[in-house]
2 protein chains.
Amino acid sequence: MGDTLVQEGFTLWFTGWSGAGKTTLAIEIEKALLELGTPYVQRLDGDIVREDLTRDLGFSKQDRNENIRRVAFVASLLSRNGVATLVSFISPYREPRDKARASCHNFIEVYVKCDPDVLISRDIKGFYKKALKGEIQNFTGIDDPYEEPPNPEIIVDTGTMSVEDARDVIIRYVKEKKLIRCS
Amino acid sequence: MGDTLVQEGFTLWFTGWSGAGKTTLAIEIEKALLELGTPYVQRLDGDIVREDLTRDLGFSKQDRNENIRRVAFVASLLSRNGVATLVSFISPYREPRDKARASCHNFIEVYVKCDPDVLISRDIKGFYKKALKGEIQNFTGIDDPYEEPPNPEIIVDTGTMSVEDARDVIIRYVKEKKLIRCS
């Protein structure tokens, strides 16, 4: 396989409040990467990993961190093996995100930021309403903290930007870092 | 990346009693695959996954199966994304192995077989002596069952074969299935 051109793996780590658009954005990025000819792209989010990897875990700080630890381990294996890995979890605590940064290959932290007032007024899944009423516990931003990333590689404000614009910012970054090759 | 030649992922799943040589064999296969130019090779065994993926698990049937479920999930992601994935766990129960077969890409079950008398007389880690004395519980083959694979793709008998011969059998199989390309 001497003539094989091997893809460089990387990790796009989407962090931010519930409903900010992390997974929506990851899905758009996945499409864009595949269209650009990236051979291997893998998304990881709660829906993808819950059944097989994290079904024993809840929403306490300890369980959230254990969740992120397992996901970061999987992302580290994928990214080190040439896979464009797109991870979208609230991941509210700084320490496990920094551990993920240390273990994943070409780690790019994407802070998917959105004004809380916008999130609460949108409230697509109805979670904020329930959390504000106290019907959901340990809800990030309401009765659980979100520790902002101090130095994310990319910040996109989905309160003011379209998904397409946010996608383009990220694709441009990945191209500039020469993590995907474009004809 | 239109000129990229993409590697075909596959899963070599080594199952067998403790001390039969599963990981020793996986390490030899890893070396051989890298020498043959396979760009991405990932081994998964207890030492590699315990800290990050399965540290909450013990040796009950339920915990063993949960262990295999998580490992199989990781192997499925890797193998579907072009990685030559080498999994070595006792994996004594048929059902979770068959689930792994269903989810992993190009699944190849390698039954690393060895006469129990040979294993007990070798007893490299001293585990059999302890298990026979009752000092270790739930030890596969002693007080816990090992369900033999009914139709493994490959059987290697490490009681009678050298590691090099067993390695060559497996590499030949992978070449014949055109899962690695060789110049």
# chains A, B, ... in the order shown; residues from 1 in each chain; ligands from 1

call {"tool": "interface_residues", "arguments": {"of": "chain B", "to": "chain A", "cutoff": "10 Å", "atoms": "only C-alpha atoms", "output": "NGL selection string"}}
result
:B and (1-7 or 36-44 or 49 or 51-54 or 66-75 or 77-84 or 180-183)

call {"tool": "calpha_fit_and_write", "arguments": {"fixed": "chain B", "moving": "chain A", "output": "mmCIF file with C-alpha atoms, in the first residue's frame"}}
result
data_model
loop_
_atom_site.group_PDB
_atom_site.id
_atom_site.type_symbol
_atom_site.label_atom_id
_atom_site.label_comp_id
_atom_site.auth_asym_id
_atom_site.auth_seq_id
_atom_site.Cartn_x
_atom_site.Cartn_y
_atom_site.Cartn_z
ATOM 1 C CA MET A 1 -8.814 13.595 -2.113
ATOM 2 C CA GLY A 2 -9.936 11.874 -5.309
ATOM 3 C CA ASP A 3 -6.590 10.089 -5.576
ATOM 4 C CA THR A 4 -6.761 8.610 -2.102
ATOM 5 C CA LEU A 5 -6.729 4.844 -1.902
ATOM 6 C CA VAL A 6 -8.768 4.039 1.125
ATOM 7 C CA GLN A 7 -7.936 1.136 3.413
ATOM 8 C CA GLU A 8 -10.619 -1.466 3.989
ATOM 9 C CA GLY A 9 -11.325 -1.848 7.683
ATOM 10 C CA PHE A 10 -11.717 -5.200 9.372
ATOM 11 C CA THR A 11 -11.950 -6.752 12.826
ATOM 12 C CA LEU A 12 -9.820 -9.644 14.018
ATOM 13 C CA TRP A 13 -11.578 -10.861 17.162
ATOM 14 C CA PHE A 14 -9.324 -13.102 19.277
ATOM 15 C CA THR A 15 -11.263 -15.245 21.742
ATOM 16 C CA GLY A 16 -10.018 -18.022 24.015
ATOM 17 C CA TRP A 17 -8.982 -18.975 27.541
ATOM 18 C CA SER A 18 -6.701 -16.868 29.687
ATOM 19 C CA GLY A 19 -3.062 -17.443 28.790
ATOM 20 C CA ALA A 20 -3.794 -18.963 25.373
ATOM 21 C CA GLY A 21 -1.820 -16.190 23.700
ATOM 22 C CA LYS A 22 -4.504 -13.879 22.302
ATOM 23 C CA THR A 23 -2.706 -10.607 23.012
ATOM 24 C CA THR A 24 0.738 -12.017 22.175
ATOM 25 C CA LEU A 25 -0.685 -13.014 18.800
ATOM 26 C CA ALA A 26 -2.440 -9.671 18.303
ATOM 27 C CA ILE A 27 0.853 -7.855 18.917
ATOM 28 C CA GLU A 28 2.588 -10.036 16.298
ATOM 29 C CA ILE A 29 -0.232 -9.417 13.820
ATOM 30 C CA GLU A 30 -0.041 -5.674 14.476
ATOM 31 C CA LYS A 31 3.689 -5.717 13.669
ATOM 32 C CA ALA A 32 3.122 -7.764 10.511
ATOM 33 C CA LEU A 33 0.304 -5.498 9.282
ATOM 34 C CA LEU A 34 2.381 -2.362 9.836
ATOM 35 C CA GLU A 35 5.320 -3.961 7.997
ATOM 36 C CA LEU A 36 2.961 -4.727 5.101
ATOM 37 C CA GLY A 37 2.114 -1.011 4.956
ATOM 38 C CA THR A 38 -1.329 -1.054 6.550
ATOM 39 C CA PRO A 39 -1.686 2.596 7.573
ATOM 40 C CA TYR A 40 -4.011 2.245 10.539
ATOM 41 C CA VAL A 41 -3.904 -0.627 13.010
ATOM 42 C CA GLN A 42 -5.495 -0.481 16.461
ATOM 43 C CA ARG A 43 -5.281 -3.117 19.168
ATOM 44 C CA LEU A 44 -7.913 -3.316 21.890
ATOM 45 C CA ASP A 45 -7.377 -5.423 25.000
ATOM 46 C CA GLY A 46 -7.972 -5.172 28.723
ATOM 47 C CA ASP A 47 -4.821 -3.166 29.364
ATOM 48 C CA ILE A 48 -5.737 -0.640 26.682
ATOM 49 C CA VAL A 49 -9.398 -0.091 27.538
ATOM 50 C CA ARG A 50 -9.592 -0.662 31.285
ATOM 51 C CA GLU A 51 -8.655 2.820 32.457
ATOM 52 C CA ASP A 52 -10.972 4.781 30.190
ATOM 53 C CA LEU A 53 -13.721 2.492 29.014
ATOM 54 C CA THR A 54 -14.403 -0.330 31.439
ATOM 55 C CA ARG A 55 -12.952 0.522 34.814
ATOM 56 C CA ASP A 56 -16.354 0.147 36.474
ATOM 57 C CA LEU A 57 -16.623 -3.505 35.412
ATOM 58 C CA GLY A 58 -15.717 -6.771 37.144
ATOM 59 C CA PHE A 59 -15.885 -10.424 36.122
ATOM 60 C CA SER A 60 -19.530 -11.386 36.637
ATOM 61 C CA LYS A 61 -21.334 -12.606 33.523
ATOM 62 C CA GLN A 62 -23.211 -9.315 33.342
ATOM 63 C CA ASP A 63 -20.042 -7.241 33.629
ATOM 64 C CA ARG A 64 -18.139 -9.378 31.132
ATOM 65 C CA ASN A 65 -20.953 -8.932 28.637
ATOM 66 C CA GLU A 66 -21.101 -5.186 29.240
ATOM 67 C CA ASN A 67 -17.326 -5.089 28.720
ATOM 68 C CA ILE A 68 -17.652 -6.883 25.385
ATOM 69 C CA ARG A 69 -20.594 -4.689 24.372
ATOM 70 C CA ARG A 70 -18.528 -1.514 24.833
ATOM 71 C CA VAL A 71 -15.444 -2.952 23.172
ATOM 72 C CA ALA A 72 -17.510 -4.248 20.240
ATOM 73 C CA PHE A 73 -19.015 -0.787 19.805
ATOM 74 C CA VAL A 74 -15.551 0.768 19.615
ATOM 75 C CA ALA A 75 -14.363 -1.978 17.244
ATOM 76 C CA SER A 76 -17.400 -1.402 15.027
ATOM 77 C CA LEU A 77 -16.618 2.319 14.750
ATOM 78 C CA LEU A 78 -12.938 1.698 14.023
ATOM 79 C CA SER A 79 -13.449 -1.116 11.512
ATOM 80 C CA ARG A 80 -16.177 0.780 9.645
ATOM 81 C CA ASN A 81 -13.759 3.698 9.371
ATOM 82 C CA GLY A 82 -10.976 1.825 7.637
ATOM 83 C CA VAL A 83 -8.987 0.665 10.657
ATOM 84 C CA ALA A 84 -7.482 -2.814 11.007
ATOM 85 C CA THR A 85 -8.842 -3.546 14.477
ATOM 86 C CA LEU A 86 -7.384 -6.318 16.652
ATOM 87 C CA VAL A 87 -9.527 -7.214 19.656
ATOM 88 C CA SER A 88 -8.257 -9.668 22.265
ATOM 89 C CA PHE A 89 -10.512 -10.566 25.171
ATOM 90 C CA ILE A 90 -11.417 -13.953 26.625
ATOM 91 C CA SER A 91 -15.009 -13.091 25.551
ATOM 92 C CA PRO A 92 -16.295 -16.413 26.884
ATOM 93 C CA TYR A 93 -19.958 -16.012 25.961
ATOM 94 C CA ARG A 94 -21.295 -16.700 22.507
ATOM 95 C CA GLU A 95 -24.128 -14.162 22.409
ATOM 96 C CA PRO A 96 -22.048 -10.979 22.835
ATOM 97 C CA ARG A 97 -19.468 -12.332 20.367
ATOM 98 C CA ASP A 98 -22.257 -12.859 17.845
ATOM 99 C CA LYS A 99 -23.500 -9.330 18.473
ATOM 100 C CA ALA A 100 -19.960 -8.080 17.834
ATOM 101 C CA ARG A 101 -19.955 -10.077 14.599
ATOM 102 C CA ALA A 102 -23.170 -8.358 13.535
ATOM 103 C CA SER A 103 -21.931 -4.826 14.229
ATOM 104 C CA CYS A 104 -18.254 -4.928 13.248
ATOM 105 C CA HIS A 105 -17.054 -4.506 9.675
ATOM 106 C CA ASN A 106 -15.414 -7.583 8.110
ATOM 107 C CA PHE A 107 -15.561 -9.556 11.335
ATOM 108 C CA ILE A 108 -13.094 -12.426 11.590
ATOM 109 C CA GLU A 109 -13.400 -14.595 14.681
ATOM 110 C CA VAL A 110 -10.075 -16.153 15.659
ATOM 111 C CA TYR A 111 -10.439 -18.932 18.193
ATOM 112 C CA VAL A 112 -7.130 -19.074 20.039
ATOM 113 C CA LYS A 113 -7.397 -22.628 21.263
ATOM 114 C CA CYS A 114 -5.097 -24.335 23.705
ATOM 115 C CA ASP A 115 -5.332 -27.577 25.643
ATOM 116 C CA PRO A 116 -6.351 -26.717 29.236
ATOM 117 C CA ASP A 117 -3.647 -29.042 30.591
ATOM 118 C CA VAL A 118 -1.041 -27.037 28.700
ATOM 119 C CA LEU A 119 -2.470 -23.752 30.004
ATOM 120 C CA ILE A 120 -2.540 -25.003 33.574
ATOM 121 C CA SER A 121 0.991 -26.362 33.384
ATOM 122 C CA ARG A 122 2.327 -23.167 31.740
ATOM 123 C CA ASP A 123 0.300 -20.811 33.992
ATOM 124 C CA ILE A 124 2.472 -17.824 33.082
ATOM 125 C CA LYS A 125 0.603 -15.364 35.309
ATOM 126 C CA GLY A 126 -0.125 -17.844 38.101
ATOM 127 C CA PHE A 127 -3.866 -17.317 37.666
ATOM 128 C CA TYR A 128 -4.799 -20.964 37.125
ATOM 129 C CA LYS A 129 -3.108 -22.032 40.338
ATOM 130 C CA LYS A 130 -5.023 -19.363 42.260
ATOM 131 C CA ALA A 131 -8.297 -20.161 40.507
ATOM 132 C CA LEU A 132 -7.909 -23.888 41.206
ATOM 133 C CA LYS A 133 -7.306 -23.054 44.886
ATOM 134 C CA GLY A 134 -10.434 -20.864 44.832
ATOM 135 C CA GLU A 135 -8.436 -17.701 45.440
ATOM 136 C CA ILE A 136 -9.803 -16.153 42.222
ATOM 137 C CA GLN A 137 -13.512 -16.390 41.468
ATOM 138 C CA ASN A 138 -15.292 -16.414 38.113
ATOM 139 C CA PHE A 139 -12.236 -17.721 36.299
ATOM 140 C CA THR A 140 -13.014 -18.882 32.781
ATOM 141 C CA GLY A 141 -12.530 -22.625 32.392
ATOM 142 C CA ILE A 142 -12.258 -23.248 36.123
ATOM 143 C CA ASP A 143 -15.454 -22.033 37.772
ATOM 144 C CA ASP A 144 -16.857 -20.044 34.858
ATOM 145 C CA PRO A 145 -17.812 -21.405 31.432
ATOM 146 C CA TYR A 146 -16.149 -20.826 28.075
ATOM 147 C CA GLU A 147 -18.592 -21.231 25.203
ATOM 148 C CA GLU A 148 -16.587 -22.385 22.189
ATOM 149 C CA PRO A 149 -17.225 -20.548 18.920
ATOM 150 C CA PRO A 150 -19.210 -22.930 16.707
ATOM 151 C CA ASN A 151 -18.004 -21.458 13.412
ATOM 152 C CA PRO A 152 -14.922 -19.284 13.833
ATOM 153 C CA GLU A 153 -13.276 -18.087 10.633
ATOM 154 C CA ILE A 154 -9.890 -19.199 11.980
ATOM 155 C CA ILE A 155 -8.751 -21.645 14.657
ATOM 156 C CA VAL A 156 -5.155 -21.587 15.844
ATOM 157 C CA ASP A 157 -3.945 -24.111 18.391
ATOM 158 C CA THR A 158 -1.275 -22.385 20.441
ATOM 159 C CA GLY A 159 -0.661 -25.572 22.378
ATOM 160 C CA THR A 160 0.976 -27.076 19.282
ATOM 161 C CA MET A 161 1.750 -24.122 16.958
ATOM 162 C CA SER A 162 4.387 -21.420 17.320
ATOM 163 C CA VAL A 163 3.276 -17.795 17.531
ATOM 164 C CA GLU A 164 4.928 -17.180 14.143
ATOM 165 C CA ASP A 165 2.987 -19.996 12.484
ATOM 166 C CA ALA A 166 -0.296 -18.819 14.024
ATOM 167 C CA ARG A 167 0.475 -15.275 12.850
ATOM 168 C CA ASP A 168 1.171 -16.483 9.309
ATOM 169 C CA VAL A 169 -2.135 -18.391 9.144
ATOM 170 C CA ILE A 170 -4.018 -15.212 10.055
ATOM 171 C CA ILE A 171 -2.070 -12.882 7.757
ATOM 172 C CA ARG A 172 -2.636 -15.324 4.887
ATOM 173 C CA TYR A 173 -6.385 -15.302 5.592
ATOM 174 C CA VAL A 174 -6.543 -11.507 5.617
ATOM 175 C CA LYS A 175 -4.576 -11.338 2.366
ATOM 176 C CA GLU A 176 -6.802 -13.925 0.695
ATOM 177 C CA LYS A 177 -9.881 -11.917 1.671
ATOM 178 C CA LYS A 178 -8.202 -8.903 0.047
ATOM 179 C CA LEU A 179 -8.531 -6.878 3.245
ATOM 180 C CA ILE A 180 -4.948 -5.698 2.930
ATOM 181 C CA ARG A 181 -3.218 -4.942 -0.299
ATOM 182 C CA CYS A 182 0.278 -6.233 -0.782
ATOM 183 C CA SER A 183 2.753 -5.078 -3.371
#

call {"tool": "select_by_dssp", "arguments": {"residues": "chain A", "states": "strand (DSSP E)", "output": "mmCIF file with N, CA and C atoms, in the first residue's frame"}}
result
data_model
loop_
_atom_site.group_PDB
_atom_site.id
_atom_site.type_symbol
_atom_site.label_atom_id
_atom_site.label_comp_id
_atom_site.auth_asym_id
_atom_site.auth_seq_id
_atom_site.Cartn_x
_atom_site.Cartn_y
_atom_site.Cartn_z
ATOM 1 N N PHE A 10 -8.564 14.034 12.788
ATOM 2 C CA PHE A 10 -8.706 15.187 13.680
ATOM 3 C C PHE A 10 -9.992 15.048 14.482
ATOM 4 N N THR A 11 -10.126 15.887 15.491
ATOM 5 C CA THR A 11 -11.305 15.860 16.361
ATOM 6 C C THR A 11 -11.918 17.251 16.427
ATOM 7 N N LEU A 12 -13.134 17.376 15.958
ATOM 8 C CA LEU A 12 -13.900 18.609 16.180
ATOM 9 C C LEU A 12 -14.783 18.361 17.391
ATOM 10 N N TRP A 13 -14.510 19.091 18.474
ATOM 11 C CA TRP A 13 -15.233 18.864 19.731
ATOM 12 C C TRP A 13 -16.209 20.029 19.955
ATOM 13 N N PHE A 14 -17.495 19.757 19.739
ATOM 14 C CA PHE A 14 -18.531 20.782 19.880
ATOM 15 C C PHE A 14 -19.031 20.800 21.314
ATOM 16 N N THR A 15 -18.847 21.924 21.996
ATOM 17 C CA THR A 15 -19.336 22.073 23.361
ATOM 18 C C THR A 15 -20.254 23.291 23.442
ATOM 19 N N VAL A 41 -15.510 9.752 8.124
ATOM 20 C CA VAL A 41 -16.053 10.763 9.028
ATOM 21 C C VAL A 41 -16.943 10.043 10.027
ATOM 22 N N GLN A 42 -16.748 10.292 11.310
ATOM 23 C CA GLN A 42 -17.579 9.649 12.328
ATOM 24 C C GLN A 42 -18.112 10.682 13.307
ATOM 25 N N ARG A 43 -19.434 10.743 13.433
ATOM 26 C CA ARG A 43 -20.028 11.591 14.463
ATOM 27 C C ARG A 43 -20.229 10.799 15.739
ATOM 28 N N LEU A 44 -20.059 11.461 16.868
ATOM 29 C CA LEU A 44 -20.363 10.868 18.170
ATOM 30 C C LEU A 44 -21.247 11.849 18.930
ATOM 31 N N ASP A 45 -22.426 11.415 19.314
ATOM 32 C CA ASP A 45 -23.268 12.239 20.191
ATOM 33 C C ASP A 45 -24.065 11.308 21.090
ATOM 34 N N ALA A 84 -11.908 11.639 10.624
ATOM 35 C CA ALA A 84 -12.446 12.957 10.971
ATOM 36 C C ALA A 84 -13.572 12.728 11.970
ATOM 37 N N THR A 85 -13.348 13.093 13.219
ATOM 38 C CA THR A 85 -14.232 12.713 14.314
ATOM 39 C C THR A 85 -14.967 13.951 14.839
ATOM 40 N N LEU A 86 -16.283 13.895 14.838
ATOM 41 C CA LEU A 86 -17.110 15.044 15.218
ATOM 42 C C LEU A 86 -17.870 14.700 16.488
ATOM 43 N N VAL A 87 -17.494 15.327 17.594
ATOM 44 C CA VAL A 87 -18.053 14.981 18.897
ATOM 45 C C VAL A 87 -18.957 16.110 19.366
ATOM 46 N N SER A 88 -20.226 15.824 19.623
ATOM 47 C CA SER A 88 -21.098 16.884 20.138
ATOM 48 C C SER A 88 -21.786 16.447 21.424
ATOM 49 N N PHE A 107 -6.903 18.153 18.067
ATOM 50 C CA PHE A 107 -8.125 18.528 18.790
ATOM 51 C C PHE A 107 -8.507 19.981 18.503
ATOM 52 N N ILE A 108 -9.730 20.171 18.081
ATOM 53 C CA ILE A 108 -10.237 21.509 17.769
ATOM 54 C C ILE A 108 -11.505 21.719 18.586
ATOM 55 N N GLU A 109 -11.417 22.604 19.564
ATOM 56 C CA GLU A 109 -12.583 22.855 20.423
ATOM 57 C C GLU A 109 -13.460 23.917 19.759
ATOM 58 N N VAL A 110 -14.704 23.569 19.521
ATOM 59 C CA VAL A 110 -15.658 24.492 18.904
ATOM 60 C C VAL A 110 -16.697 24.859 19.964
ATOM 61 N N TYR A 111 -16.640 26.094 20.413
ATOM 62 C CA TYR A 111 -17.614 26.549 21.398
ATOM 63 C C TYR A 111 -18.856 27.047 20.646
ATOM 64 N N VAL A 112 -19.920 26.256 20.757
ATOM 65 C CA VAL A 112 -21.176 26.615 20.101
ATOM 66 C C VAL A 112 -21.963 27.466 21.104
ATOM 67 N N LYS A 113 -21.800 28.768 20.917
ATOM 68 C CA LYS A 113 -22.298 29.737 21.888
ATOM 69 C C LYS A 113 -23.675 30.228 21.446
ATOM 70 N N ILE A 154 -12.304 27.667 17.987
ATOM 71 C CA ILE A 154 -13.351 28.310 17.190
ATOM 72 C C ILE A 154 -14.534 28.646 18.104
ATOM 73 N N ILE A 155 -15.083 29.843 17.923
ATOM 74 C CA ILE A 155 -16.362 30.176 18.569
ATOM 75 C C ILE A 155 -17.365 30.491 17.469
ATOM 76 N N VAL A 156 -18.520 29.844 17.514
ATOM 77 C CA VAL A 156 -19.597 30.231 16.601
ATOM 78 C C VAL A 156 -20.814 30.603 17.444
ATOM 79 N N ASP A 157 -21.403 31.726 17.120
ATOM 80 C CA ASP A 157 -22.566 32.210 17.866
ATOM 81 C C ASP A 157 -23.816 31.872 17.074
#
